[in-house]
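Shown next: start16.tsv, containing TSV, C-alpha atoms.
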chain	number	residue	atom	x	y	z
G	14	MET	CA	-33.73	-27.70	40.81
G	15	THR	CA	-35.39	-31.10	40.80
G	16	THR	CA	-32.98	-33.94	41.53
G	17	LEU	CA	-33.08	-37.49	40.29
G	18	SER	CA	-34.37	-38.81	43.62
G	19	GLU	CA	-37.35	-36.46	43.78
G	20	PRO	CA	-40.65	-37.46	42.16
G	21	ILE	CA	-41.52	-34.95	39.48
G	22	THR	CA	-45.25	-35.79	39.41
G	23	PRO	CA	-47.63	-37.81	41.59
G	24	THR	CA	-47.41	-41.53	40.93
G	25	GLY	CA	-49.13	-42.43	37.67
G	26	ALA	CA	-49.78	-38.83	36.64
G	27	PRO	CA	-48.38	-37.72	33.28
G	28	ARG	CA	-45.74	-35.06	33.44
G	29	ARG	CA	-46.60	-31.68	31.95
G	30	TYR	CA	-44.18	-29.75	29.80
G	31	VAL	CA	-43.81	-26.23	28.50
G	32	VAL	CA	-42.16	-26.43	25.10
G	33	ALA	CA	-40.69	-23.61	23.04
G	34	ASP	CA	-39.34	-23.32	19.52
G	35	LEU	CA	-37.06	-20.37	18.84
G	36	GLY	CA	-36.72	-19.88	15.10
G	37	GLY	CA	-35.33	-17.16	12.89
G	38	THR	CA	-38.80	-15.73	12.29
G	39	THR	CA	-41.03	-16.76	15.20
G	40	LEU	CA	-40.79	-17.77	18.85
G	41	ARG	CA	-43.56	-20.21	19.82
G	42	ILE	CA	-44.34	-21.47	23.30
G	43	GLY	CA	-46.99	-24.02	24.24
G	44	ARG	CA	-47.83	-26.80	26.66
G	45	ILE	CA	-48.21	-30.54	26.24
G	46	ALA	CA	-48.78	-33.51	28.52
G	47	GLU	CA	-46.37	-36.43	28.36
G	48	GLY	CA	-47.63	-38.87	25.75
G	49	GLY	CA	-49.85	-36.24	24.15
G	50	ASP	CA	-49.96	-35.55	20.43
G	51	ARG	CA	-51.27	-32.00	20.51
G	52	VAL	CA	-49.66	-28.73	21.61
G	53	GLU	CA	-52.07	-26.42	23.41
G	54	ALA	CA	-52.24	-22.76	24.41
G	55	VAL	CA	-49.56	-21.76	21.88
G	56	ARG	CA	-48.24	-18.20	22.04
G	57	ARG	CA	-46.47	-16.76	19.02
G	58	THR	CA	-44.20	-13.72	18.99
G	59	GLU	CA	-41.88	-12.36	16.31
G	60	THR	CA	-38.27	-13.23	17.05
G	61	GLN	CA	-36.31	-10.10	17.95
G	62	GLY	CA	-33.32	-11.17	15.89
G	63	LEU	CA	-31.72	-10.72	12.51
G	64	GLY	CA	-34.95	-10.79	10.53
G	65	ARG	CA	-36.26	-7.73	12.35
G	66	HIS	CA	-33.17	-5.79	13.43
G	67	ARG	CA	-30.53	-6.11	10.72
G	68	GLU	CA	-28.96	-2.84	11.81
G	69	LEU	CA	-27.69	-4.35	15.08
G	70	SER	CA	-24.47	-6.26	15.60
G	71	ALA	CA	-24.46	-10.03	16.03
G	72	GLN	CA	-23.70	-9.73	19.75
G	73	GLU	CA	-26.46	-7.16	20.29
G	74	LEU	CA	-28.90	-9.45	18.50
G	75	GLN	CA	-27.83	-12.46	20.55
G	76	ASP	CA	-28.37	-10.54	23.79
G	77	ARG	CA	-31.78	-9.37	22.60
G	78	VAL	CA	-32.89	-12.86	21.53
G	79	VAL	CA	-31.77	-14.48	24.79
G	80	GLU	CA	-33.58	-11.89	26.89
G	81	GLN	CA	-36.73	-12.29	24.80
G	82	LEU	CA	-36.66	-16.08	25.18
G	83	ALA	CA	-36.10	-16.01	28.94
G	84	HIS	CA	-38.71	-13.29	29.49
G	85	GLU	CA	-41.39	-15.03	27.44
G	86	LEU	CA	-40.77	-18.36	29.19
G	87	GLU	CA	-40.94	-16.71	32.61
G	88	ALA	CA	-44.24	-15.10	31.66
G	89	TYR	CA	-45.66	-18.38	30.36
G	90	LEU	CA	-44.68	-20.31	33.47
G	91	ALA	CA	-46.30	-17.61	35.63
G	92	ALA	CA	-49.55	-17.80	33.67
G	93	PRO	CA	-52.28	-20.41	34.24
G	94	GLU	CA	-51.24	-22.21	31.04
G	95	GLY	CA	-47.79	-23.05	32.36
G	96	ALA	CA	-48.13	-22.89	36.13
G	97	ASP	CA	-48.17	-26.68	36.62
G	98	ALA	CA	-45.26	-27.49	34.30
G	99	ASN	CA	-42.72	-30.05	35.46
G	100	ALA	CA	-40.06	-29.07	32.92
G	101	VAL	CA	-39.30	-26.81	29.98
G	102	GLY	CA	-37.94	-27.95	26.63
G	103	VAL	CA	-36.50	-25.43	24.17
G	104	SER	CA	-35.55	-26.08	20.55
G	105	PHE	CA	-33.00	-23.60	19.28
G	106	ALA	CA	-32.13	-22.73	15.69
G	107	GLY	CA	-28.39	-23.26	15.82
G	108	PRO	CA	-25.68	-25.86	16.45
G	109	MET	CA	-24.92	-26.60	20.09
G	110	THR	CA	-22.71	-28.73	22.27
G	111	LYS	CA	-23.92	-31.58	24.45
G	112	ASP	CA	-23.86	-29.32	27.53
G	113	GLY	CA	-26.25	-26.83	25.92
G	114	THR	CA	-23.88	-24.15	24.61
G	115	VAL	CA	-25.03	-22.62	21.32
G	116	LEU	CA	-22.13	-22.22	18.90
G	117	ALA	CA	-23.82	-20.07	16.25
G	118	GLY	CA	-27.19	-18.60	15.31
G	119	PRO	CA	-27.07	-17.80	11.58
G	120	THR	CA	-30.81	-17.11	11.20
G	121	LEU	CA	-31.06	-15.51	14.66
G	122	TRP	CA	-28.10	-13.14	14.88
G	123	GLY	CA	-26.12	-13.76	11.71
G	124	GLY	CA	-22.37	-13.56	12.06
G	125	PRO	CA	-19.98	-14.46	14.90
G	126	ALA	CA	-20.98	-13.85	18.51
G	127	ALA	CA	-19.85	-15.29	21.83
G	128	PRO	CA	-20.65	-18.97	22.55
G	129	LEU	CA	-23.99	-18.95	24.35
G	130	PRO	CA	-24.53	-21.28	27.38
G	131	ILE	CA	-28.27	-21.12	26.88
G	132	ALA	CA	-29.08	-24.21	28.98
G	133	ALA	CA	-27.23	-22.79	31.98
G	134	ILE	CA	-28.82	-19.34	31.54
G	135	LEU	CA	-32.35	-20.70	31.39
G	136	ASN	CA	-31.82	-23.10	34.27
G	137	ARG	CA	-30.74	-20.15	36.43
G	138	ARG	CA	-33.71	-18.01	35.46
G	139	LEU	CA	-36.55	-20.51	35.38
G	140	THR	CA	-38.15	-22.40	38.25
G	141	VAL	CA	-38.25	-25.86	36.63
G	142	PRO	CA	-35.60	-28.00	34.89
G	143	VAL	CA	-34.76	-26.98	31.33
G	144	VAL	CA	-33.54	-29.12	28.44
G	145	VAL	CA	-32.32	-27.41	25.27
G	146	ALA	CA	-31.83	-29.04	21.88
G	147	ASN	CA	-31.04	-27.99	18.37
G	148	ASP	CA	-34.33	-27.45	16.55
G	149	ILE	CA	-33.83	-30.22	14.00
G	150	THR	CA	-32.66	-32.61	16.69
G	151	ALA	CA	-35.93	-31.90	18.49
G	152	ALA	CA	-37.99	-32.32	15.34
G	153	ALA	CA	-36.31	-35.66	14.58
G	154	TRP	CA	-37.66	-37.05	17.85
G	155	ARG	CA	-41.20	-36.49	16.57
G	156	TYR	CA	-40.59	-39.03	13.81
G	157	ALA	CA	-38.36	-41.45	15.71
G	158	SER	CA	-41.29	-43.59	16.85
G	159	THR	CA	-42.93	-43.79	13.40
G	160	GLU	CA	-39.90	-44.28	11.15
G	161	PRO	CA	-38.66	-47.89	11.51
G	162	ASP	CA	-35.46	-47.32	9.52
G	163	PRO	CA	-32.72	-44.70	9.79
G	164	PHE	CA	-33.85	-41.37	8.36
G	165	CYS	CA	-32.58	-37.91	7.56
G	166	LEU	CA	-34.81	-34.98	8.51
G	167	ILE	CA	-34.22	-31.79	6.53
G	168	THR	CA	-35.91	-28.46	7.19
G	169	ILE	CA	-36.38	-25.91	4.43
G	170	SER	CA	-37.43	-22.68	6.10
G	171	SER	CA	-35.52	-19.48	6.96
G	172	GLY	CA	-32.41	-21.61	6.59
G	173	ILE	CA	-31.62	-25.28	6.03
G	174	GLY	CA	-30.68	-27.80	8.68
G	175	HIS	CA	-30.66	-31.57	8.90
G	176	LYS	CA	-30.20	-34.41	11.32
G	177	VAL	CA	-29.73	-38.14	10.77
G	178	PHE	CA	-31.53	-40.36	13.27
G	179	ARG	CA	-30.24	-43.90	13.53
G	180	HIS	CA	-30.39	-46.63	16.20
G	181	GLY	CA	-32.21	-44.42	18.70
G	182	GLU	CA	-30.02	-41.35	18.50
G	183	VAL	CA	-29.24	-38.29	16.44
G	184	LEU	CA	-25.82	-38.50	14.83
G	185	ILE	CA	-23.95	-35.47	16.14
G	186	SER	CA	-20.73	-35.00	18.08
G	187	ASP	CA	-20.64	-33.92	21.73
G	188	SER	CA	-18.97	-30.69	20.58
G	189	GLY	CA	-21.93	-29.85	18.34
G	190	HIS	CA	-20.52	-30.76	14.95
G	191	GLY	CA	-22.79	-32.36	12.39
G	192	GLY	CA	-26.32	-31.73	11.23
G	193	GLU	CA	-25.61	-28.39	9.57
G	194	ILE	CA	-25.77	-29.29	5.90
G	195	GLY	CA	-27.20	-25.85	5.23
G	196	HIS	CA	-23.66	-24.54	5.69
G	197	TRP	CA	-22.07	-26.97	3.27
G	198	ARG	CA	-20.38	-24.81	0.64
G	199	VAL	CA	-21.81	-25.89	-2.70
G	200	ASP	CA	-20.57	-22.86	-4.68
G	201	PRO	CA	-16.84	-22.13	-4.18
G	202	ARG	CA	-16.77	-18.90	-6.20
G	203	GLU	CA	-15.61	-15.80	-4.34
G	204	ASP	CA	-18.73	-13.89	-5.44
G	205	ALA	CA	-21.16	-16.71	-4.58
G	206	VAL	CA	-24.45	-15.93	-2.88
G	207	PRO	CA	-23.86	-14.77	0.71
G	208	CYS	CA	-25.17	-16.81	3.63
G	209	GLU	CA	-26.53	-15.21	6.79
G	210	CYS	CA	-23.72	-16.84	8.78
G	211	GLY	CA	-21.25	-14.59	6.94
G	212	GLY	CA	-19.97	-17.20	4.49
G	213	ARG	CA	-20.71	-17.55	0.78
G	214	GLY	CA	-22.05	-20.26	-1.46
G	215	HIS	CA	-23.68	-22.24	1.34
G	216	LEU	CA	-26.61	-24.53	0.59
G	217	GLY	CA	-28.86	-22.59	2.96
G	218	GLY	CA	-28.19	-19.34	1.16
G	219	ILE	CA	-29.36	-20.92	-2.10
G	220	ALA	CA	-32.11	-23.46	-1.37
G	221	SER	CA	-33.76	-22.18	1.82
G	222	GLY	CA	-36.96	-20.16	1.75
G	223	ARG	CA	-34.96	-16.95	2.12
G	224	GLY	CA	-32.46	-18.14	-0.47
G	225	VAL	CA	-35.12	-18.98	-3.05
G	226	LEU	CA	-36.81	-15.64	-2.43
G	227	THR	CA	-33.56	-13.77	-3.02
G	228	ALA	CA	-32.97	-15.77	-6.21
G	229	ALA	CA	-36.51	-15.03	-7.42
G	230	ARG	CA	-36.12	-11.29	-6.97
G	231	ARG	CA	-32.75	-11.37	-8.70
G	232	ALA	CA	-34.14	-13.42	-11.60
G	233	ALA	CA	-37.12	-11.08	-11.97
G	234	SER	CA	-34.78	-8.10	-12.29
G	235	ALA	CA	-32.53	-9.91	-14.78
G	236	ASP	CA	-35.42	-11.23	-16.91
G	237	PRO	CA	-38.20	-8.63	-16.86
G	238	ALA	CA	-40.02	-10.23	-19.80
G	239	GLY	CA	-40.11	-13.66	-18.15
G	240	PHE	CA	-41.20	-12.09	-14.87
G	241	ALA	CA	-43.95	-10.10	-16.58
G	242	GLY	CA	-45.40	-13.31	-18.00
G	243	SER	CA	-45.42	-15.02	-14.61
G	244	ALA	CA	-48.18	-15.14	-12.03
G	245	LEU	CA	-45.60	-13.67	-9.68
G	246	ALA	CA	-45.75	-10.31	-11.45
G	247	GLU	CA	-49.40	-9.75	-10.62
G	248	SER	CA	-49.07	-10.73	-6.97
G	249	ALA	CA	-45.94	-8.59	-6.65
G	250	HIS	CA	-47.56	-5.62	-8.42
G	251	GLY	CA	-44.94	-5.83	-11.14
G	252	THR	CA	-41.94	-5.20	-8.87
G	253	PRO	CA	-39.30	-7.84	-8.07
G	254	ASP	CA	-39.08	-6.66	-4.46
G	255	GLY	CA	-42.79	-7.40	-4.10
G	256	ILE	CA	-42.30	-11.14	-4.55
G	257	THR	CA	-43.01	-13.17	-1.41
G	258	ASN	CA	-42.39	-16.77	-0.40
G	259	GLU	CA	-46.14	-17.33	-0.23
G	260	ALA	CA	-46.57	-16.13	-3.82
G	261	LEU	CA	-43.64	-18.26	-4.96
G	262	ALA	CA	-45.15	-21.37	-3.38
G	263	ARG	CA	-48.53	-20.69	-5.01
G	264	ALA	CA	-46.92	-20.16	-8.41
G	265	VAL	CA	-44.93	-23.40	-8.20
G	266	ARG	CA	-48.01	-25.34	-7.12
G	267	ALA	CA	-49.77	-23.93	-10.21
G	268	ASP	CA	-46.84	-25.01	-12.43
G	269	ASP	CA	-45.92	-21.43	-13.33
G	270	VAL	CA	-43.03	-21.70	-15.79
G	271	PHE	CA	-40.92	-18.85	-14.40
G	272	ALA	CA	-41.29	-19.85	-10.74
G	273	THR	CA	-40.84	-23.58	-11.43
G	274	ARG	CA	-37.65	-23.07	-13.44
G	275	LEU	CA	-36.26	-20.87	-10.68
G	276	LEU	CA	-37.02	-23.43	-7.97
G	277	ARG	CA	-35.49	-26.25	-10.01
G	278	ASP	CA	-32.23	-24.28	-10.18
G	279	CYS	CA	-32.26	-23.76	-6.43
G	280	LEU	CA	-33.08	-27.41	-5.71
G	281	LEU	CA	-30.14	-28.82	-7.67
G	282	PRO	CA	-27.63	-28.26	-4.83
G	283	LEU	CA	-30.15	-29.70	-2.37
G	284	ALA	CA	-30.37	-32.82	-4.52
G	285	MET	CA	-26.57	-32.95	-4.46
G	286	ALA	CA	-26.69	-32.82	-0.65
G	287	VAL	CA	-29.16	-35.71	-0.46
G	288	ASN	CA	-26.97	-37.65	-2.90
G	289	CYS	CA	-23.93	-37.00	-0.73
G	290	VAL	CA	-25.60	-38.21	2.49
G	291	PHE	CA	-26.94	-41.32	0.76
G	292	THR	CA	-23.59	-42.13	-0.83
G	293	ALA	CA	-21.68	-41.51	2.41
G	294	ILE	CA	-23.78	-43.45	4.94
G	295	GLY	CA	-26.53	-45.22	3.01
G	296	VAL	CA	-29.61	-43.56	4.56
G	297	ARG	CA	-32.61	-44.20	2.29
G	298	ARG	CA	-35.31	-42.07	3.92
G	299	TYR	CA	-35.43	-38.26	3.66
G	300	LEU	CA	-38.22	-36.28	5.29
G	301	PHE	CA	-38.67	-32.58	4.49
G	302	ILE	CA	-40.28	-30.10	6.85
G	303	GLY	CA	-40.15	-26.32	7.23
G	304	GLY	CA	-42.43	-23.53	6.14
G	305	PHE	CA	-41.26	-23.22	2.56
G	306	ALA	CA	-41.17	-26.94	1.73
G	307	VAL	CA	-44.60	-27.49	3.26
G	308	ALA	CA	-46.02	-24.45	1.43
G	309	VAL	CA	-44.87	-25.78	-1.95
G	310	GLY	CA	-46.21	-29.19	-0.93
G	311	PRO	CA	-45.95	-32.36	-3.04
G	312	ARG	CA	-44.53	-30.35	-5.95
G	313	PHE	CA	-41.44	-29.75	-3.81
G	314	ILE	CA	-40.82	-33.50	-3.58
G	315	THR	CA	-41.57	-34.02	-7.28
G	316	LEU	CA	-39.15	-31.31	-8.42
G	317	LEU	CA	-36.45	-32.40	-5.98
G	318	GLY	CA	-36.93	-35.98	-7.18
G	319	ASP	CA	-36.46	-34.81	-10.77
G	320	GLU	CA	-33.10	-33.27	-9.91
G	321	LEU	CA	-31.97	-36.22	-7.79
G	322	THR	CA	-32.92	-38.66	-10.54
G	323	LYS	CA	-30.86	-36.69	-13.03
G	324	LEU	CA	-27.87	-36.93	-10.70
G	325	GLY	CA	-28.50	-40.60	-9.95
G	326	CYS	CA	-27.87	-42.42	-6.68
G	327	PHE	CA	-25.33	-45.19	-6.95
G	328	GLY	CA	-27.05	-48.57	-7.04
G	329	LEU	CA	-30.64	-47.26	-7.15
G	330	ASP	CA	-33.13	-46.96	-10.01
G	331	GLU	CA	-35.51	-44.02	-10.52
G	332	GLU	CA	-38.38	-45.54	-8.55
G	333	GLU	CA	-36.11	-46.28	-5.60
G	334	ILE	CA	-34.64	-42.76	-5.72
G	335	ARG	CA	-38.04	-41.05	-5.69
G	336	SER	CA	-39.35	-43.33	-2.94
G	337	MET	CA	-36.62	-42.01	-0.60
G	338	LEU	CA	-38.20	-38.52	-0.50
G	339	ALA	CA	-41.29	-37.48	1.46
G	340	LEU	CA	-42.84	-34.47	3.16
G	341	GLY	CA	-43.24	-34.46	6.90
G	342	ALA	CA	-46.50	-33.51	8.60
G	343	ALA	CA	-48.12	-30.37	7.16
G	344	ASP	CA	-47.96	-28.35	10.38
G	345	ASP	CA	-45.40	-26.29	12.25
G	346	ASP	CA	-45.38	-28.30	15.46
G	347	HIS	CA	-42.40	-30.54	14.66
G	348	CYS	CA	-40.03	-29.00	17.20
G	349	LEU	CA	-42.65	-28.59	19.93
G	350	LEU	CA	-43.92	-32.17	19.69
G	351	GLY	CA	-40.37	-33.44	19.27
G	352	MET	CA	-39.22	-31.63	22.43
G	353	ALA	CA	-42.00	-33.36	24.38
G	354	HIS	CA	-40.80	-36.76	23.11
G	355	LEU	CA	-37.22	-35.82	23.93
G	356	LEU	CA	-38.13	-34.64	27.43
G	357	ALA	CA	-40.04	-37.85	28.11
G	358	GLY	CA	-36.95	-39.86	27.21
G	359	THR	CA	-34.27	-37.73	28.86
G	360	LEU	CA	-35.83	-35.81	31.74
G	361	PRO	CA	-34.69	-38.07	34.62
G	362	ALA	CA	-31.04	-37.47	33.69
G	363	ALA	CA	-31.63	-33.97	32.33
G	364	ALA	CA	-33.30	-32.80	35.54
G	365	GLY	CA	-30.00	-33.26	37.32
G	366	SER	CA	-27.81	-31.73	34.63
G	367	GLY	CA	-29.88	-29.13	32.79
G	368	GLY	CA	-27.97	-29.71	29.60
G	369	GLY	CA	-28.54	-29.72	25.88
G	370	VAL	CA	-29.07	-32.40	23.30
Conversion result in structure tokens:
Amino acid sequence: MTTLSEPITPTGAPRRYVVADLGGTTLRIGRIAEGGDRVEAVRRTETQGLGRHRELSAQELQDRVVEQLAHELEAYLAAPEGADANAVGVSFAGPMTKDGTVLAGPTLWGGPAAPLPIAAILNRRLTVPVVVANDITAAAWRYASTEPDPFCLITISSGIGHKVFRHGEVLISDSGHGGEIGHWRVDPREDAVPCECGGRGHLGGIASGRGVLTAARRAASADPAGFAGSALAESAHGTPDGITNEALARAVRADDVFATRLLRDCLLPLAMAVNCVFTAIGVRRYLFIGGFAVAVGPRFITLLGDELTKLGCFGLDEEEIRSMLALGAADDDHCLLGMAHLLAGTLPAAAGSGGGV
């Protein structure tokens, strides 16, 4: 392993990183030079986790996901694309401790499994130093240089996660607590919508892409007449199970009544979450990323702003409330670019410790 006293690159040469983003749906690996703003030679593979193998136990899924991640990184580093890498950065969809131990993987393996020392595992298997971070922590570093004030980054994709970035750091405890607003229980009923972590009534189970899709299929079954009059019916061939997130996003963008009403219902608890963060710590900038939010586009911000305005934010008028909300960049490179920024800022120390962030 590289030590702090060893030069990682020739004097003046930019360091080169292999960066990976392990999400509930897709594992992506690419390369980027330090200071670069573009990820190159990206490989995409379907994550071998909960989304594909729901019949397996949480521990079996964890083992499968870890082996997939390590194998794909080894292959990338052995290929011409990654052969000259100085370090590897991995963003991981789950809460983790400062030393790089993953505490849970709700969108990856679902329910409880053993704590996963992913930083230590990867540092043993790979030939260059490895830094591991929570995926939203990584993504926040992409925006840290362009957002002058404290901000809250929220992803709306397979699940929901968030991080608050303030005064040069992500607000999270060394033991990994914080930044998991997707698992805030917004519905206390015993029969509330289940979350993939095993709980019920969590924000992520209601307002994430998967949560909205589940709600849409349920609403279509409960209101066949309303569904039949929606653009969703045609794209789904008249069957609730045929509804997709892509079709939902298109319908909302087109102001389809059925789809828009459904999304408004799902966004209310998300508006409550934003209200709670603002009221608790005063952050006035909220950036939304993630496949589903980006697919819906500006309508997502408009509809969320409607619900937040109805709730009100103490001390703010409607214009100030709506100005707090914005979409992030319309790409899926947040975690990859963010990991490069994070590596550039932490690699000298991280090369000696191989930890997590």
For this session: For Val52 of chain G, work out the shell of residues within 8 Å, counting all atoms listed in the file and skipping chain neighbours fewer than 4 positions away, then give it as a list in words.
Result: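 Skipping anything fewer than 4 positions along the chain leaves Gly43, Arg44, Ile45, Asp346, Leu349 and Leu350 of chain G.
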Exercise. Separation of atom CA of Glu53 of chain G and atom CA of Ala132 of chain G, in Å?
Worked result: 23.8 Å
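Considering the residues G:Gly351, G:His180, G:Ala286, G:Ala343 and counting all atoms listed in the file, Leu324 of chain G has its shortest atom-to-atom contact with G:Ala286.
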Exercise. Near segment 254-266 of chain G, within 9 Å and counting only C-alpha atoms, which residues show up once chain neighbours fewer than 3 positions away are dropped, as a PyMOL selection string?
Worked result: chain G and resi 222-223+225-226+229-231+233+243-246+248-251+269-274+276+305-306+308-313
Can you write just those residues out, C-alpha atoms, as a compact mmCIF listing (two decimals), in the coordinates of the input?
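Written out: part_4.txt:
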# COMPACT_ATOMS: atom_id res chain seq x y z
CA GLY G 222 -36.96 -20.16 1.75
CA ARG G 223 -34.96 -16.95 2.12
CA VAL G 225 -35.12 -18.98 -3.05
CA LEU G 226 -36.81 -15.64 -2.43
CA ALA G 229 -36.51 -15.03 -7.42
CA ARG G 230 -36.12 -11.29 -6.97
CA ARG G 231 -32.75 -11.37 -8.70
CA ALA G 233 -37.12 -11.08 -11.97
CA SER G 243 -45.42 -15.02 -14.61
CA ALA G 244 -48.18 -15.14 -12.03
CA LEU G 245 -45.60 -13.67 -9.68
CA ALA G 246 -45.75 -10.31 -11.45
CA SER G 248 -49.07 -10.73 -6.97
CA ALA G 249 -45.94 -8.59 -6.65
CA HIS G 250 -47.56 -5.62 -8.42
CA GLY G 251 -44.94 -5.83 -11.14
CA ASP G 269 -45.92 -21.43 -13.33
CA VAL G 270 -43.03 -21.70 -15.79
CA PHE G 271 -40.92 -18.85 -14.40
CA ALA G 272 -41.29 -19.85 -10.74
CA THR G 273 -40.84 -23.58 -11.43
CA ARG G 274 -37.65 -23.07 -13.44
CA LEU G 276 -37.02 -23.43 -7.97
CA PHE G 305 -41.26 -23.22 2.56
CA ALA G 306 -41.17 -26.94 1.73
CA ALA G 308 -46.02 -24.45 1.43
CA VAL G 309 -44.87 -25.78 -1.95
CA GLY G 310 -46.21 -29.19 -0.93
CA PRO G 311 -45.95 -32.36 -3.04
CA ARG G 312 -44.53 -30.35 -5.95
CA PHE G 313 -41.44 -29.75 -3.81
For this session: Just give me the gap between atom CA of Glu332 of chain G and atom CA of Arg297 of chain G in Å, one decimal is fine.
Result: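 These two atoms are separated by 12.4 Å.
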Exercise. Out of G:Leu338, G:Leu82, G:Val141, G:Leu35, which residue has the shortest atom-to-atom distance to Ala98 of chain G when counting all atoms listed in the file?
Worked result: G:Val141
Exercise. Quick one: distance from atom CA of Ile149 of chain G to atom CA of Phe301 of chain G in Å, one decimal?
Worked result: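 Straight-line distance from atom CA of Ile149 of chain G to atom CA of Phe301 of chain G works out to 10.9 Å.
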For this session: Measuring atom to atom with only C-alpha atoms, identify which of G:Asp50, G:Asn136, G:Ile42, G:Ile302 is nearest to His175 of chain G.
Result: G:Ile302
For this session: Please provide as a list in words all residues within 10 Å of Asp278 of chain G, with the sequence filter that same-chain residues fewer than 5 positions apart are discarded (counting all atoms listed in the file).
Result: Ile219, Ala220, Val225, Ala228, Thr273, Leu283 and Glu320 of chain G
Compile the contact shell of Glu160 of chain G as a PDB file with C-alpha atoms, in the frame of the given file: residues with an atom at most 12 Å away, counting only C-alpha atoms, same-chain residues fewer than 2 positions apart removed.
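Wrote out08.pdb, looks like this:
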ATOM      1  CA  ALA G 153     -36.310 -35.660  14.580  1.00  0.00           C
ATOM      2  CA  TRP G 154     -37.660 -37.050  17.850  1.00  0.00           C
ATOM      3  CA  ARG G 155     -41.200 -36.490  16.570  1.00  0.00           C
ATOM      4  CA  TYR G 156     -40.590 -39.030  13.810  1.00  0.00           C
ATOM      5  CA  ALA G 157     -38.360 -41.450  15.710  1.00  0.00           C
ATOM      6  CA  SER G 158     -41.290 -43.590  16.850  1.00  0.00           C
ATOM      7  CA  ASP G 162     -35.460 -47.320   9.520  1.00  0.00           C
ATOM      8  CA  PRO G 163     -32.720 -44.700   9.790  1.00  0.00           C
ATOM      9  CA  PHE G 164     -33.850 -41.370   8.360  1.00  0.00           C
ATOM     10  CA  CYS G 165     -32.580 -37.910   7.560  1.00  0.00           C
ATOM     11  CA  LEU G 166     -34.810 -34.980   8.510  1.00  0.00           C
ATOM     12  CA  VAL G 177     -29.730 -38.140  10.770  1.00  0.00           C
ATOM     13  CA  PHE G 178     -31.530 -40.360  13.270  1.00  0.00           C
ATOM     14  CA  ARG G 179     -30.240 -43.900  13.530  1.00  0.00           C
ATOM     15  CA  HIS G 180     -30.390 -46.630  16.200  1.00  0.00           C
ATOM     16  CA  GLY G 181     -32.210 -44.420  18.700  1.00  0.00           C
ATOM     17  CA  ARG G 297     -32.610 -44.200   2.290  1.00  0.00           C
ATOM     18  CA  ARG G 298     -35.310 -42.070   3.920  1.00  0.00           C
ATOM     19  CA  TYR G 299     -35.430 -38.260   3.660  1.00  0.00           C
ATOM     20  CA  LEU G 300     -38.220 -36.280   5.290  1.00  0.00           C
ATOM     21  CA  ALA G 339     -41.290 -37.480   1.460  1.00  0.00           C
ATOM     22  CA  GLY G 341     -43.240 -34.460   6.900  1.00  0.00           C
TER      23      GLY G 341
END
Problem set entry | Counting all atoms listed in the file, the option among G:Leu329, G:Ala152, G:Cys210, G:Ala106 closest to His347 of chain G |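 Closest to His347 of chain G of all the choices is G:Ala152.
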With a cut-off of 12 Å, could you pull out the residues of segment 162-189 of chain G touching segment 112-118 of chain G and give me the nearest pair of atoms for each, distance in Å to one decimal, using all atoms listed in the file, ordered by chain and ascending number, as CSV?
residue,atom,partner,partner_atom,distance
G:Ser171,CA,G:Gly118,CA,11.8
G:Gly172,CA,G:Gly118,CA,10.6
G:Gly174,CA,G:Gly118,CA,11.9
G:Ser186,CA,G:Asp112,CA,11.5
G:Asp187,CA,G:Asp112,CA,8.1
G:Ser188,CA,G:Asp112,CA,8.6
G:Gly189,CA,G:Leu116,CA,7.7
Given 5 Å of margin on each side, can you work out the centre and size in Å (one decimal) of an axis-aligned box holding every listed atom of segment 70-78 of chain G, as lines of an AutoDock Vina configuration file?
center_x = -28.3
center_y = -9.6
center_z = 19.7
size_x = 19.2
size_y = 16.6
size_z = 18.2
For this session: Fewer than 3 positions away in the same chain doesn't count, so skip those; otherwise give me all residues within 7 Å of segment 192-199 of chain G, counting only C-alpha atoms, as a list of chain:residue names.
Result: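 Result of the neighbour search: G:Gly172, G:Ile173, G:Gly174, G:His175, G:Lys176, G:Ile185, G:Gly214, G:His215, G:Leu216, G:Gly217, G:Pro282.
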Problem set entry | Residue with smallest distance to Ala126 of chain G - pool G:Asp76, G:Glu203, G:Glu209, G:Glu47, counting all atoms listed in the file |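 Checking each candidate against Ala126 of chain G, we get G:Asp76 as the closest.
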Expected file content for segment 61-75 of chain G, C-alpha atoms, as a compact mmCIF listing (two decimals), in the first residue's frame:
# COMPACT_ATOMS: atom_id res chain seq x y z
CA GLN G 61 -26.41 -8.51 -8.32
CA GLY G 62 -28.46 -7.53 -5.29
CA LEU G 63 -32.00 -7.23 -4.07
CA GLY G 64 -33.42 -5.84 -7.30
CA ARG G 65 -32.40 -8.96 -9.21
CA HIS G 66 -32.37 -11.76 -6.64
CA ARG G 67 -35.20 -11.19 -4.18
CA GLU G 68 -35.33 -14.90 -3.41
CA LEU G 69 -31.96 -14.80 -1.60
CA SER G 70 -31.36 -13.90 2.03
CA ALA G 71 -29.86 -10.56 2.99
CA GLN G 72 -26.52 -12.17 3.89
CA GLU G 73 -26.38 -14.11 0.62
CA LEU G 74 -27.08 -10.91 -1.29
CA GLN G 75 -24.41 -9.00 0.63
